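K.L.:
Got a structure for you, target-v5.cif, holding mmCIF, N, CA, C and O atoms.
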```cif
data_run
#
loop_
_atom_site.label_atom_id
_atom_site.label_comp_id
_atom_site.auth_asym_id
_atom_site.auth_seq_id
_atom_site.Cartn_x
_atom_site.Cartn_y
_atom_site.Cartn_z
N ARG A 1 -0.18 -30.11 -12.25
CA ARG A 1 0.94 -30.76 -11.62
C ARG A 1 2.19 -29.90 -11.72
O ARG A 1 2.98 -29.86 -10.79
N TRP A 2 2.38 -29.26 -12.88
CA TRP A 2 3.57 -28.46 -13.07
C TRP A 2 3.61 -27.30 -12.07
O TRP A 2 4.65 -27.02 -11.49
N VAL A 3 2.48 -26.65 -11.88
CA VAL A 3 2.42 -25.53 -10.93
C VAL A 3 2.74 -26.02 -9.53
O VAL A 3 3.51 -25.39 -8.79
N ASP A 4 2.16 -27.15 -9.14
CA ASP A 4 2.46 -27.71 -7.82
C ASP A 4 3.94 -28.03 -7.67
O ASP A 4 4.55 -27.75 -6.64
N PHE A 5 4.52 -28.63 -8.71
CA PHE A 5 5.94 -28.94 -8.69
C PHE A 5 6.79 -27.69 -8.54
O PHE A 5 7.71 -27.62 -7.72
N MET A 6 6.48 -26.65 -9.34
CA MET A 6 7.24 -25.40 -9.29
C MET A 6 7.10 -24.72 -7.94
O MET A 6 8.07 -24.20 -7.39
N MET A 7 5.88 -24.71 -7.41
CA MET A 7 5.67 -24.07 -6.11
C MET A 7 6.48 -24.78 -5.03
O MET A 7 7.10 -24.14 -4.18
N ARG A 8 6.48 -26.08 -5.04
CA ARG A 8 7.13 -26.82 -3.96
C ARG A 8 8.64 -26.86 -4.11
O ARG A 8 9.37 -26.56 -3.17
N PHE A 9 9.14 -27.21 -5.27
CA PHE A 9 10.57 -27.48 -5.40
C PHE A 9 11.40 -26.29 -5.89
O PHE A 9 12.58 -26.18 -5.54
N GLU A 10 10.81 -25.40 -6.67
CA GLU A 10 11.58 -24.26 -7.13
C GLU A 10 11.42 -23.06 -6.19
O GLU A 10 12.39 -22.39 -5.85
N LEU A 11 10.20 -22.81 -5.78
CA LEU A 11 9.93 -21.65 -4.94
C LEU A 11 9.92 -21.97 -3.45
O LEU A 11 9.95 -21.07 -2.62
N GLY A 12 9.83 -23.25 -3.11
CA GLY A 12 9.81 -23.65 -1.70
C GLY A 12 8.51 -23.28 -1.00
O GLY A 12 8.50 -23.06 0.21
N LEU A 13 7.42 -23.23 -1.74
CA LEU A 13 6.12 -22.86 -1.17
C LEU A 13 5.23 -24.08 -1.05
O LEU A 13 5.25 -24.96 -1.90
N GLU A 14 4.44 -24.10 -0.03
CA GLU A 14 3.45 -25.16 0.15
C GLU A 14 2.08 -24.61 -0.22
O GLU A 14 1.85 -23.40 -0.21
N ARG A 15 1.15 -25.49 -0.51
CA ARG A 15 -0.21 -25.09 -0.83
C ARG A 15 -0.82 -24.44 0.42
O ARG A 15 -0.76 -25.00 1.50
N PRO A 16 -1.40 -23.25 0.28
CA PRO A 16 -1.98 -22.59 1.45
C PRO A 16 -3.22 -23.32 1.96
O PRO A 16 -3.93 -23.98 1.20
N ALA A 17 -3.46 -23.21 3.26
CA ALA A 17 -4.63 -23.83 3.86
C ALA A 17 -5.89 -23.18 3.31
O ALA A 17 -5.93 -21.96 3.06
N ALA A 18 -6.94 -23.97 3.14
CA ALA A 18 -8.19 -23.46 2.56
C ALA A 18 -8.82 -22.37 3.44
O ALA A 18 -9.39 -21.41 2.94
N ARG A 19 -8.73 -22.50 4.74
CA ARG A 19 -9.33 -21.51 5.65
C ARG A 19 -8.57 -20.20 5.67
O ARG A 19 -9.10 -19.19 6.11
N ARG A 20 -7.35 -20.20 5.23
CA ARG A 20 -6.54 -19.00 5.28
C ARG A 20 -7.04 -17.92 4.32
O ARG A 20 -6.84 -16.74 4.55
N ALA A 21 -7.71 -18.31 3.25
CA ALA A 21 -8.18 -17.35 2.26
C ALA A 21 -9.14 -16.34 2.89
O ALA A 21 -9.06 -15.14 2.60
N VAL A 22 -10.03 -16.79 3.76
CA VAL A 22 -11.00 -15.89 4.38
C VAL A 22 -10.30 -14.90 5.30
O VAL A 22 -10.59 -13.70 5.26
N SER A 23 -9.37 -15.37 6.12
CA SER A 23 -8.68 -14.45 7.02
C SER A 23 -7.78 -13.49 6.24
O SER A 23 -7.67 -12.31 6.59
N SER A 24 -7.16 -13.96 5.18
CA SER A 24 -6.33 -13.08 4.34
C SER A 24 -7.19 -12.01 3.67
O SER A 24 -6.80 -10.84 3.63
N ALA A 25 -8.35 -12.40 3.18
CA ALA A 25 -9.25 -11.43 2.55
C ALA A 25 -9.70 -10.39 3.57
O ALA A 25 -9.76 -9.19 3.26
N GLY A 26 -10.00 -10.81 4.77
CA GLY A 26 -10.41 -9.87 5.82
C GLY A 26 -9.29 -8.90 6.18
O GLY A 26 -9.52 -7.70 6.35
N THR A 27 -8.08 -9.43 6.28
CA THR A 27 -6.93 -8.58 6.61
C THR A 27 -6.68 -7.55 5.51
O THR A 27 -6.47 -6.37 5.79
N ILE A 28 -6.72 -7.99 4.27
CA ILE A 28 -6.50 -7.08 3.14
C ILE A 28 -7.61 -6.03 3.07
O ILE A 28 -7.35 -4.84 2.87
N GLY A 29 -8.85 -6.46 3.27
CA GLY A 29 -9.97 -5.52 3.25
C GLY A 29 -9.86 -4.47 4.34
O GLY A 29 -10.09 -3.28 4.10
N ALA A 30 -9.50 -4.90 5.55
CA ALA A 30 -9.35 -3.95 6.66
C ALA A 30 -8.20 -2.98 6.39
O ALA A 30 -8.30 -1.78 6.69
N ALA A 31 -7.12 -3.48 5.81
CA ALA A 31 -5.98 -2.61 5.49
C ALA A 31 -6.36 -1.58 4.43
O ALA A 31 -5.98 -0.40 4.54
N TYR A 32 -7.09 -1.98 3.41
CA TYR A 32 -7.53 -1.03 2.39
C TYR A 32 -8.47 0.01 2.99
O TYR A 32 -8.37 1.20 2.68
N PHE A 33 -9.37 -0.43 3.86
CA PHE A 33 -10.30 0.51 4.49
C PHE A 33 -9.54 1.51 5.36
O PHE A 33 -9.75 2.72 5.25
N GLY A 34 -8.65 1.01 6.20
CA GLY A 34 -7.87 1.90 7.07
C GLY A 34 -6.96 2.82 6.29
O GLY A 34 -6.87 4.02 6.57
N GLY A 35 -6.29 2.27 5.29
CA GLY A 35 -5.40 3.08 4.47
C GLY A 35 -6.14 4.12 3.65
O GLY A 35 -5.66 5.23 3.45
N GLY A 36 -7.33 3.79 3.20
CA GLY A 36 -8.13 4.74 2.44
C GLY A 36 -8.74 5.81 3.31
O GLY A 36 -9.02 6.93 2.86
N LEU A 37 -8.95 5.50 4.59
CA LEU A 37 -9.55 6.45 5.51
C LEU A 37 -8.56 7.55 5.92
O LEU A 37 -8.97 8.69 6.16
N VAL A 38 -7.27 7.22 5.96
CA VAL A 38 -6.25 8.18 6.41
C VAL A 38 -6.32 9.50 5.63
O VAL A 38 -6.42 10.56 6.24
N PRO A 39 -6.30 9.50 4.30
CA PRO A 39 -6.34 10.79 3.60
C PRO A 39 -7.72 11.45 3.60
O PRO A 39 -7.84 12.63 3.29
N LEU A 40 -8.77 10.71 3.96
CA LEU A 40 -10.12 11.29 3.95
C LEU A 40 -10.50 11.98 5.25
O LEU A 40 -11.36 12.86 5.25
N VAL A 41 -9.87 11.62 6.35
CA VAL A 41 -10.23 12.19 7.66
C VAL A 41 -10.16 13.73 7.68
O VAL A 41 -11.08 14.37 8.20
N PRO A 42 -9.12 14.36 7.12
CA PRO A 42 -9.12 15.84 7.13
C PRO A 42 -10.32 16.46 6.43
O PRO A 42 -10.82 17.50 6.84
N TYR A 43 -10.81 15.81 5.37
CA TYR A 43 -11.99 16.34 4.67
C TYR A 43 -13.24 16.21 5.53
O TYR A 43 -14.17 17.00 5.40
N ILE A 44 -13.28 15.21 6.38
CA ILE A 44 -14.42 15.02 7.28
C ILE A 44 -14.37 16.05 8.41
O ILE A 44 -15.40 16.57 8.84
N LEU A 45 -13.17 16.36 8.89
CA LEU A 45 -13.02 17.20 10.07
C LEU A 45 -12.94 18.70 9.78
O LEU A 45 -13.31 19.51 10.63
N LEU A 46 -12.44 19.09 8.63
CA LEU A 46 -12.21 20.51 8.35
C LEU A 46 -13.28 21.08 7.42
O LEU A 46 -13.72 20.39 6.48
N PRO A 47 -13.69 22.34 7.64
CA PRO A 47 -14.71 22.94 6.78
C PRO A 47 -14.18 23.41 5.42
O PRO A 47 -14.92 23.50 4.46
N SER A 48 -12.88 23.70 5.33
CA SER A 48 -12.30 24.20 4.10
C SER A 48 -11.61 23.08 3.32
O SER A 48 -10.74 22.38 3.86
N ALA A 49 -11.98 22.94 2.07
CA ALA A 49 -11.38 21.89 1.24
C ALA A 49 -9.90 22.15 1.00
O ALA A 49 -9.11 21.20 0.91
N THR A 50 -9.51 23.41 0.90
CA THR A 50 -8.10 23.74 0.68
C THR A 50 -7.26 23.33 1.88
O THR A 50 -6.19 22.73 1.72
N GLN A 51 -7.72 23.67 3.08
CA GLN A 51 -7.00 23.27 4.29
C GLN A 51 -6.96 21.75 4.41
O GLN A 51 -5.94 21.17 4.77
N ALA A 52 -8.08 21.11 4.09
CA ALA A 52 -8.15 19.65 4.17
C ALA A 52 -7.17 18.99 3.20
O ALA A 52 -6.56 17.97 3.52
N LEU A 53 -7.02 19.58 2.01
CA LEU A 53 -6.09 19.03 1.02
C LEU A 53 -4.67 19.03 1.55
O LEU A 53 -3.97 18.01 1.48
N TRP A 54 -4.23 20.15 2.11
CA TRP A 54 -2.86 20.24 2.62
C TRP A 54 -2.65 19.33 3.82
O TRP A 54 -1.62 18.67 3.92
N LEU A 55 -3.63 19.28 4.73
CA LEU A 55 -3.51 18.40 5.88
C LEU A 55 -3.54 16.94 5.45
O LEU A 55 -2.78 16.11 5.96
N SER A 56 -4.39 16.63 4.50
CA SER A 56 -4.48 15.26 3.98
C SER A 56 -3.15 14.82 3.38
O SER A 56 -2.68 13.70 3.63
N ALA A 57 -2.52 15.69 2.59
CA ALA A 57 -1.23 15.36 1.99
C ALA A 57 -0.17 15.14 3.07
O ALA A 57 0.60 14.18 3.02
N ALA A 58 -0.15 16.02 4.07
CA ALA A 58 0.85 15.90 5.14
C ALA A 58 0.64 14.63 5.95
O ALA A 58 1.59 13.89 6.23
N VAL A 59 -0.60 14.36 6.33
CA VAL A 59 -0.90 13.16 7.13
C VAL A 59 -0.56 11.90 6.33
O VAL A 59 -0.01 10.93 6.86
N THR A 60 -0.87 11.92 5.04
CA THR A 60 -0.58 10.75 4.20
C THR A 60 0.93 10.52 4.09
O THR A 60 1.39 9.38 4.19
N LEU A 61 1.70 11.58 3.90
CA LEU A 61 3.15 11.43 3.80
C LEU A 61 3.75 10.91 5.11
O LEU A 61 4.62 10.03 5.09
N VAL A 62 3.28 11.41 6.23
CA VAL A 62 3.77 10.94 7.53
C VAL A 62 3.39 9.47 7.72
O VAL A 62 4.21 8.66 8.18
N THR A 63 2.17 9.12 7.36
CA THR A 63 1.73 7.73 7.48
C THR A 63 2.57 6.81 6.61
O THR A 63 2.98 5.72 7.04
N LEU A 64 2.85 7.23 5.37
CA LEU A 64 3.70 6.42 4.50
C LEU A 64 5.11 6.26 5.08
O LEU A 64 5.69 5.17 5.01
N LEU A 65 5.64 7.32 5.66
CA LEU A 65 6.97 7.24 6.27
C LEU A 65 6.97 6.27 7.44
O LEU A 65 7.86 5.42 7.55
N VAL A 66 5.97 6.35 8.30
CA VAL A 66 5.89 5.45 9.46
C VAL A 66 5.73 4.00 9.01
O VAL A 66 6.44 3.10 9.48
N LEU A 67 4.80 3.76 8.10
CA LEU A 67 4.57 2.38 7.65
C LEU A 67 5.78 1.83 6.88
O LEU A 67 6.12 0.66 7.01
N GLY A 68 6.44 2.67 6.10
CA GLY A 68 7.65 2.24 5.40
C GLY A 68 8.77 1.91 6.36
O GLY A 68 9.54 0.96 6.15
N THR A 69 8.89 2.69 7.43
CA THR A 69 9.90 2.42 8.45
C THR A 69 9.63 1.10 9.15
O THR A 69 10.54 0.29 9.37
N ILE A 70 8.37 0.86 9.48
CA ILE A 70 7.99 -0.42 10.10
C ILE A 70 8.28 -1.57 9.14
O ILE A 70 8.80 -2.62 9.55
N LYS A 71 7.95 -1.38 7.87
CA LYS A 71 8.24 -2.42 6.87
C LYS A 71 9.73 -2.72 6.82
O LYS A 71 10.14 -3.88 6.75
N GLY A 72 10.55 -1.66 6.88
CA GLY A 72 12.00 -1.86 6.86
C GLY A 72 12.48 -2.67 8.04
O GLY A 72 13.32 -3.55 7.90
N LYS A 73 11.94 -2.37 9.22
CA LYS A 73 12.33 -3.13 10.41
C LYS A 73 11.92 -4.59 10.30
O LYS A 73 12.65 -5.48 10.73
N MET A 74 10.77 -4.84 9.70
CA MET A 74 10.27 -6.21 9.59
C MET A 74 10.99 -7.02 8.52
O MET A 74 11.07 -8.24 8.61
N THR A 75 11.52 -6.35 7.50
CA THR A 75 12.15 -7.06 6.39
C THR A 75 13.67 -7.05 6.44
O THR A 75 14.32 -7.66 5.61
N GLY A 76 14.26 -6.32 7.40
CA GLY A 76 15.70 -6.27 7.52
C GLY A 76 16.35 -5.19 6.69
O GLY A 76 17.57 -5.07 6.65
N MET A 77 15.55 -4.38 6.02
CA MET A 77 16.07 -3.25 5.24
C MET A 77 16.32 -2.09 6.20
O MET A 77 15.65 -2.00 7.23
N PRO A 78 17.25 -1.20 5.92
CA PRO A 78 17.43 -0.04 6.80
C PRO A 78 16.11 0.73 6.93
O PRO A 78 15.53 1.13 5.91
N PRO A 79 15.61 0.92 8.16
CA PRO A 79 14.28 1.49 8.35
C PRO A 79 14.07 2.86 7.70
O PRO A 79 13.04 3.08 7.05
N LEU A 80 15.00 3.78 7.86
CA LEU A 80 14.82 5.11 7.29
C LEU A 80 14.79 5.05 5.76
O LEU A 80 13.96 5.70 5.12
N ARG A 81 15.67 4.25 5.20
CA ARG A 81 15.69 4.10 3.74
C ARG A 81 14.36 3.52 3.24
O ARG A 81 13.80 3.98 2.24
N SER A 82 13.85 2.53 3.94
CA SER A 82 12.58 1.93 3.57
C SER A 82 11.44 2.93 3.68
O SER A 82 10.56 2.98 2.82
N GLY A 83 11.47 3.75 4.74
CA GLY A 83 10.44 4.77 4.91
C GLY A 83 10.46 5.80 3.81
O GLY A 83 9.41 6.15 3.24
N ILE A 84 11.64 6.27 3.47
CA ILE A 84 11.77 7.27 2.40
C ILE A 84 11.36 6.67 1.06
O ILE A 84 10.68 7.31 0.25
N GLN A 85 11.75 5.43 0.83
CA GLN A 85 11.38 4.75 -0.41
C GLN A 85 9.86 4.64 -0.53
O GLN A 85 9.29 4.88 -1.60
N THR A 86 9.20 4.32 0.57
CA THR A 86 7.74 4.21 0.57
C THR A 86 7.09 5.56 0.30
O THR A 86 6.11 5.66 -0.45
N VAL A 87 7.64 6.63 0.88
CA VAL A 87 7.11 7.98 0.63
C VAL A 87 7.28 8.35 -0.83
O VAL A 87 6.35 8.89 -1.46
N VAL A 88 8.43 8.07 -1.41
CA VAL A 88 8.68 8.42 -2.82
C VAL A 88 7.73 7.65 -3.74
O VAL A 88 7.10 8.23 -4.63
N ILE A 89 7.61 6.35 -3.51
CA ILE A 89 6.73 5.54 -4.36
C ILE A 89 5.29 5.99 -4.23
O ILE A 89 4.55 6.12 -5.22
N GLY A 90 4.84 6.24 -3.00
CA GLY A 90 3.48 6.71 -2.79
C GLY A 90 3.23 8.07 -3.43
O GLY A 90 2.16 8.32 -4.00
N SER A 91 4.21 8.95 -3.35
CA SER A 91 4.07 10.28 -3.94
C SER A 91 4.01 10.21 -5.47
O SER A 91 3.20 10.90 -6.10
N VAL A 92 4.85 9.38 -6.04
CA VAL A 92 4.83 9.22 -7.51
C VAL A 92 3.49 8.61 -7.95
O VAL A 92 2.89 9.07 -8.93
N ALA A 93 3.01 7.63 -7.22
CA ALA A 93 1.71 7.02 -7.56
C ALA A 93 0.59 8.05 -7.47
O ALA A 93 -0.30 8.09 -8.34
N ALA A 94 0.60 8.87 -6.43
CA ALA A 94 -0.43 9.90 -6.29
C ALA A 94 -0.34 10.93 -7.41
O ALA A 94 -1.36 11.36 -7.95
N ALA A 95 0.88 11.33 -7.78
CA ALA A 95 1.05 12.31 -8.85
C ALA A 95 0.56 11.76 -10.18
O ALA A 95 -0.13 12.46 -10.94
N VAL A 96 0.87 10.51 -10.47
CA VAL A 96 0.42 9.90 -11.72
C VAL A 96 -1.10 9.79 -11.73
O VAL A 96 -1.75 10.11 -12.75
N ALA A 97 -1.70 9.38 -10.62
CA ALA A 97 -3.16 9.29 -10.54
C ALA A 97 -3.80 10.66 -10.77
O ALA A 97 -4.80 10.79 -11.47
N TYR A 98 -3.23 11.69 -10.17
CA TYR A 98 -3.74 13.06 -10.33
C TYR A 98 -3.64 13.49 -11.80
O TYR A 98 -4.60 14.03 -12.35
N LEU A 99 -2.50 13.25 -12.42
CA LEU A 99 -2.32 13.66 -13.82
C LEU A 99 -3.24 12.90 -14.76
O LEU A 99 -3.80 13.48 -15.69
N VAL A 100 -3.43 11.62 -14.52
CA VAL A 100 -4.35 10.84 -15.34
C VAL A 100 -5.79 11.35 -15.17
O VAL A 100 -6.52 11.50 -16.15
N ALA A 101 -6.18 11.65 -13.94
CA ALA A 101 -7.53 12.17 -13.70
C ALA A 101 -7.73 13.52 -14.39
O ALA A 101 -8.81 13.76 -14.97
N ARG A 102 -6.73 14.38 -14.34
CA ARG A 102 -6.83 15.67 -15.03
C ARG A 102 -6.91 15.47 -16.56
O ARG A 102 -7.67 16.16 -17.24
N TRP A 103 -6.14 14.53 -17.06
CA TRP A 103 -6.12 14.27 -18.50
C TRP A 103 -7.48 13.71 -18.95
O TRP A 103 -8.01 14.13 -19.98
N VAL A 104 -8.05 12.81 -18.17
CA VAL A 104 -9.32 12.20 -18.53
C VAL A 104 -10.46 13.21 -18.42
O VAL A 104 -11.38 13.22 -19.24
N SER A 105 -10.40 14.08 -17.43
CA SER A 105 -11.50 15.04 -17.22
C SER A 105 -11.43 16.25 -18.14
O SER A 105 -12.38 17.02 -18.22
N SER A 106 -10.34 16.43 -18.87
CA SER A 106 -10.25 17.61 -19.74
C SER A 106 -10.76 17.34 -21.15
O SER A 106 -11.09 16.33 -21.57
#
```
In structure tokens, write the structure found in this file.
P.N.:
Amino acid sequence: RWVDFMMRFELGLERPAARRAVSSAGTIGAAYFGGGLVPLVPYILLPSATQALWLSAAVTLVTLLVLGTIKGKMTGMPPLRSGIQTVVIGSVAAAVAYLVARWVSS
């Protein structure tokens, strides 16, 4: 009861429809698949792993900038600022993942 009360009166949220869970799961799954495919496409298309790495990084950064700009337009934040913020956050996340992987594999 407390959670229902807090959701409704403090947060202004209603209980989500039961059927919405399936469509939300599908949307999230498709977004993860599409987002995960973006950095992998250069490795599929190019014969050299070194070239694929640089192209993958560039394509990923451009994709983050575009998606961050769209997010900014949708949320009312300045689009360029939102795009740059998304690129910075994505870059930091990638760098931390890389460093953790190197640390674990050594």
K.L.:
For a quick check of understanding, using only C-alpha atoms, which of A:Ala18, A:Val59, A:Ser106, A:Trp2 has the smallest distance to Gly35 (chain A)?
P.N.:
A:Val59
K.L.:
Name the residues captured by the PyMOL selection byres ((chain A and resi 86-103) around 7) when it is applied to the shown file; answer as a list of chain:residue names.
P.N.:
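Going through the file, the PyMOL selection byres ((chain A and resi 86-103) around 7) ends up selecting A:Thr60, A:Leu61, A:Leu64, A:Leu65, A:Gly68, A:Leu80, A:Arg81, A:Ser82, A:Gly83, A:Ile84, A:Gln85, A:Val104, A:Ser105, A:Ser106.
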K.L.:
Give the answer as one residue: which of A:Pro16, A:Gly29, A:Pro39, A:Pro47 has the shortest atom-to-atom distance to Val62 (chain A), using only C-alpha atoms?
P.N.:
A:Pro39
K.L.:
If you measure from CA of Ile28 (chain A) to atom C of Ile70 (chain A), what distance in Å do you get, rounded to one decimal?
P.N.:
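Separation of CA of Ile28 (chain A) and atom C of Ile70 (chain A): 16.9 Å.
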K.L.:
Using only the atoms of region 57-70 of chain A listed in the file, plus 5 Å on each side, state the axis-aligned box centre and edge lengths in Å rounded to one decimal, as AutoDock Vina command-line options.
P.N.:
```
--center_x 4.0 --center_y 6.7 --center_z 6.0 --size_x 23.1 --size_y 28.6 --size_z 18.1
```
K.L.:
State, in Å with one decimal place, the distance from atom O of Val66 (chain A) to atom C of Pro78 (chain A).
P.N.:
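Between these atoms lies a distance of 10.3 Å.
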K.L.:
State, in Å with one decimal place, the distance from CA of Ala17 (chain A) to atom C of Arg1 (chain A).
P.N.:
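We find that CA of Ala17 (chain A) and atom C of Arg1 (chain A) lie 18.1 Å from each other.
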K.L.:
What residues in chain A get the DSSP label alpha helix (DSSP H)? Please answer as a count of residues only.
P.N.:
81
K.L.:
Counting only C-alpha atoms, what is within 12 Å of Leu40 (chain A), bar same-chain residues fewer than 2 positions away, as an mmCIF file with N, CA, C and O atoms, keeping the file's coordinate frame?
P.N.:
```
data_model
loop_
_atom_site.group_PDB
_atom_site.id
_atom_site.type_symbol
_atom_site.label_atom_id
_atom_site.label_comp_id
_atom_site.auth_asym_id
_atom_site.auth_seq_id
_atom_site.Cartn_x
_atom_site.Cartn_y
_atom_site.Cartn_z
ATOM 1 N N PHE A 33 -9.370 -0.430 3.860
ATOM 2 C CA PHE A 33 -10.300 0.510 4.490
ATOM 3 C C PHE A 33 -9.540 1.510 5.360
ATOM 4 O O PHE A 33 -9.750 2.720 5.250
ATOM 5 N N GLY A 34 -8.650 1.010 6.200
ATOM 6 C CA GLY A 34 -7.870 1.900 7.070
ATOM 7 C C GLY A 34 -6.960 2.820 6.290
ATOM 8 O O GLY A 34 -6.870 4.020 6.570
ATOM 9 N N GLY A 35 -6.290 2.270 5.290
ATOM 10 C CA GLY A 35 -5.400 3.080 4.470
ATOM 11 C C GLY A 35 -6.140 4.120 3.650
ATOM 12 O O GLY A 35 -5.660 5.230 3.450
ATOM 13 N N GLY A 36 -7.330 3.790 3.200
ATOM 14 C CA GLY A 36 -8.130 4.740 2.440
ATOM 15 C C GLY A 36 -8.740 5.810 3.310
ATOM 16 O O GLY A 36 -9.020 6.930 2.860
ATOM 17 N N LEU A 37 -8.950 5.500 4.590
ATOM 18 C CA LEU A 37 -9.550 6.450 5.510
ATOM 19 C C LEU A 37 -8.560 7.550 5.920
ATOM 20 O O LEU A 37 -8.970 8.690 6.160
ATOM 21 N N VAL A 38 -7.270 7.220 5.960
ATOM 22 C CA VAL A 38 -6.250 8.180 6.410
ATOM 23 C C VAL A 38 -6.320 9.500 5.630
ATOM 24 O O VAL A 38 -6.420 10.560 6.240
ATOM 25 N N PRO A 42 -9.120 14.360 7.120
ATOM 26 C CA PRO A 42 -9.120 15.840 7.130
ATOM 27 C C PRO A 42 -10.320 16.460 6.430
ATOM 28 O O PRO A 42 -10.820 17.500 6.840
ATOM 29 N N TYR A 43 -10.810 15.810 5.370
ATOM 30 C CA TYR A 43 -11.990 16.340 4.670
ATOM 31 C C TYR A 43 -13.240 16.210 5.530
ATOM 32 O O TYR A 43 -14.170 17.000 5.400
ATOM 33 N N ILE A 44 -13.280 15.210 6.380
ATOM 34 C CA ILE A 44 -14.420 15.020 7.280
ATOM 35 C C ILE A 44 -14.370 16.050 8.410
ATOM 36 O O ILE A 44 -15.400 16.570 8.840
ATOM 37 N N LEU A 45 -13.170 16.360 8.890
ATOM 38 C CA LEU A 45 -13.020 17.200 10.070
ATOM 39 C C LEU A 45 -12.940 18.700 9.780
ATOM 40 O O LEU A 45 -13.310 19.510 10.630
ATOM 41 N N LEU A 46 -12.440 19.090 8.630
ATOM 42 C CA LEU A 46 -12.210 20.510 8.350
ATOM 43 C C LEU A 46 -13.280 21.080 7.420
ATOM 44 O O LEU A 46 -13.720 20.390 6.480
ATOM 45 N N ALA A 49 -11.980 22.940 2.070
ATOM 46 C CA ALA A 49 -11.380 21.890 1.240
ATOM 47 C C ALA A 49 -9.900 22.150 1.000
ATOM 48 O O ALA A 49 -9.110 21.200 0.910
ATOM 49 N N ALA A 52 -8.080 21.110 4.090
ATOM 50 C CA ALA A 52 -8.150 19.650 4.170
ATOM 51 C C ALA A 52 -7.170 18.990 3.200
ATOM 52 O O ALA A 52 -6.560 17.970 3.520
ATOM 53 N N LEU A 53 -7.020 19.580 2.010
ATOM 54 C CA LEU A 53 -6.090 19.030 1.020
ATOM 55 C C LEU A 53 -4.670 19.030 1.550
ATOM 56 O O LEU A 53 -3.970 18.010 1.480
ATOM 57 N N TRP A 54 -4.230 20.150 2.110
ATOM 58 C CA TRP A 54 -2.860 20.240 2.620
ATOM 59 C C TRP A 54 -2.650 19.330 3.820
ATOM 60 O O TRP A 54 -1.620 18.670 3.920
ATOM 61 N N LEU A 55 -3.630 19.280 4.730
ATOM 62 C CA LEU A 55 -3.510 18.400 5.880
ATOM 63 C C LEU A 55 -3.540 16.940 5.450
ATOM 64 O O LEU A 55 -2.780 16.110 5.960
ATOM 65 N N SER A 56 -4.390 16.630 4.500
ATOM 66 C CA SER A 56 -4.480 15.260 3.980
ATOM 67 C C SER A 56 -3.150 14.820 3.380
ATOM 68 O O SER A 56 -2.680 13.700 3.630
ATOM 69 N N ALA A 57 -2.520 15.690 2.590
ATOM 70 C CA ALA A 57 -1.230 15.360 1.990
ATOM 71 C C ALA A 57 -0.170 15.140 3.070
ATOM 72 O O ALA A 57 0.600 14.180 3.020
ATOM 73 N N ALA A 58 -0.150 16.020 4.070
ATOM 74 C CA ALA A 58 0.850 15.900 5.140
ATOM 75 C C ALA A 58 0.640 14.630 5.950
ATOM 76 O O ALA A 58 1.590 13.890 6.230
ATOM 77 N N VAL A 59 -0.600 14.360 6.330
ATOM 78 C CA VAL A 59 -0.900 13.160 7.130
ATOM 79 C C VAL A 59 -0.560 11.900 6.330
ATOM 80 O O VAL A 59 -0.010 10.930 6.860
ATOM 81 N N THR A 60 -0.870 11.920 5.040
ATOM 82 C CA THR A 60 -0.580 10.750 4.200
ATOM 83 C C THR A 60 0.930 10.520 4.090
ATOM 84 O O THR A 60 1.390 9.380 4.190
#
```
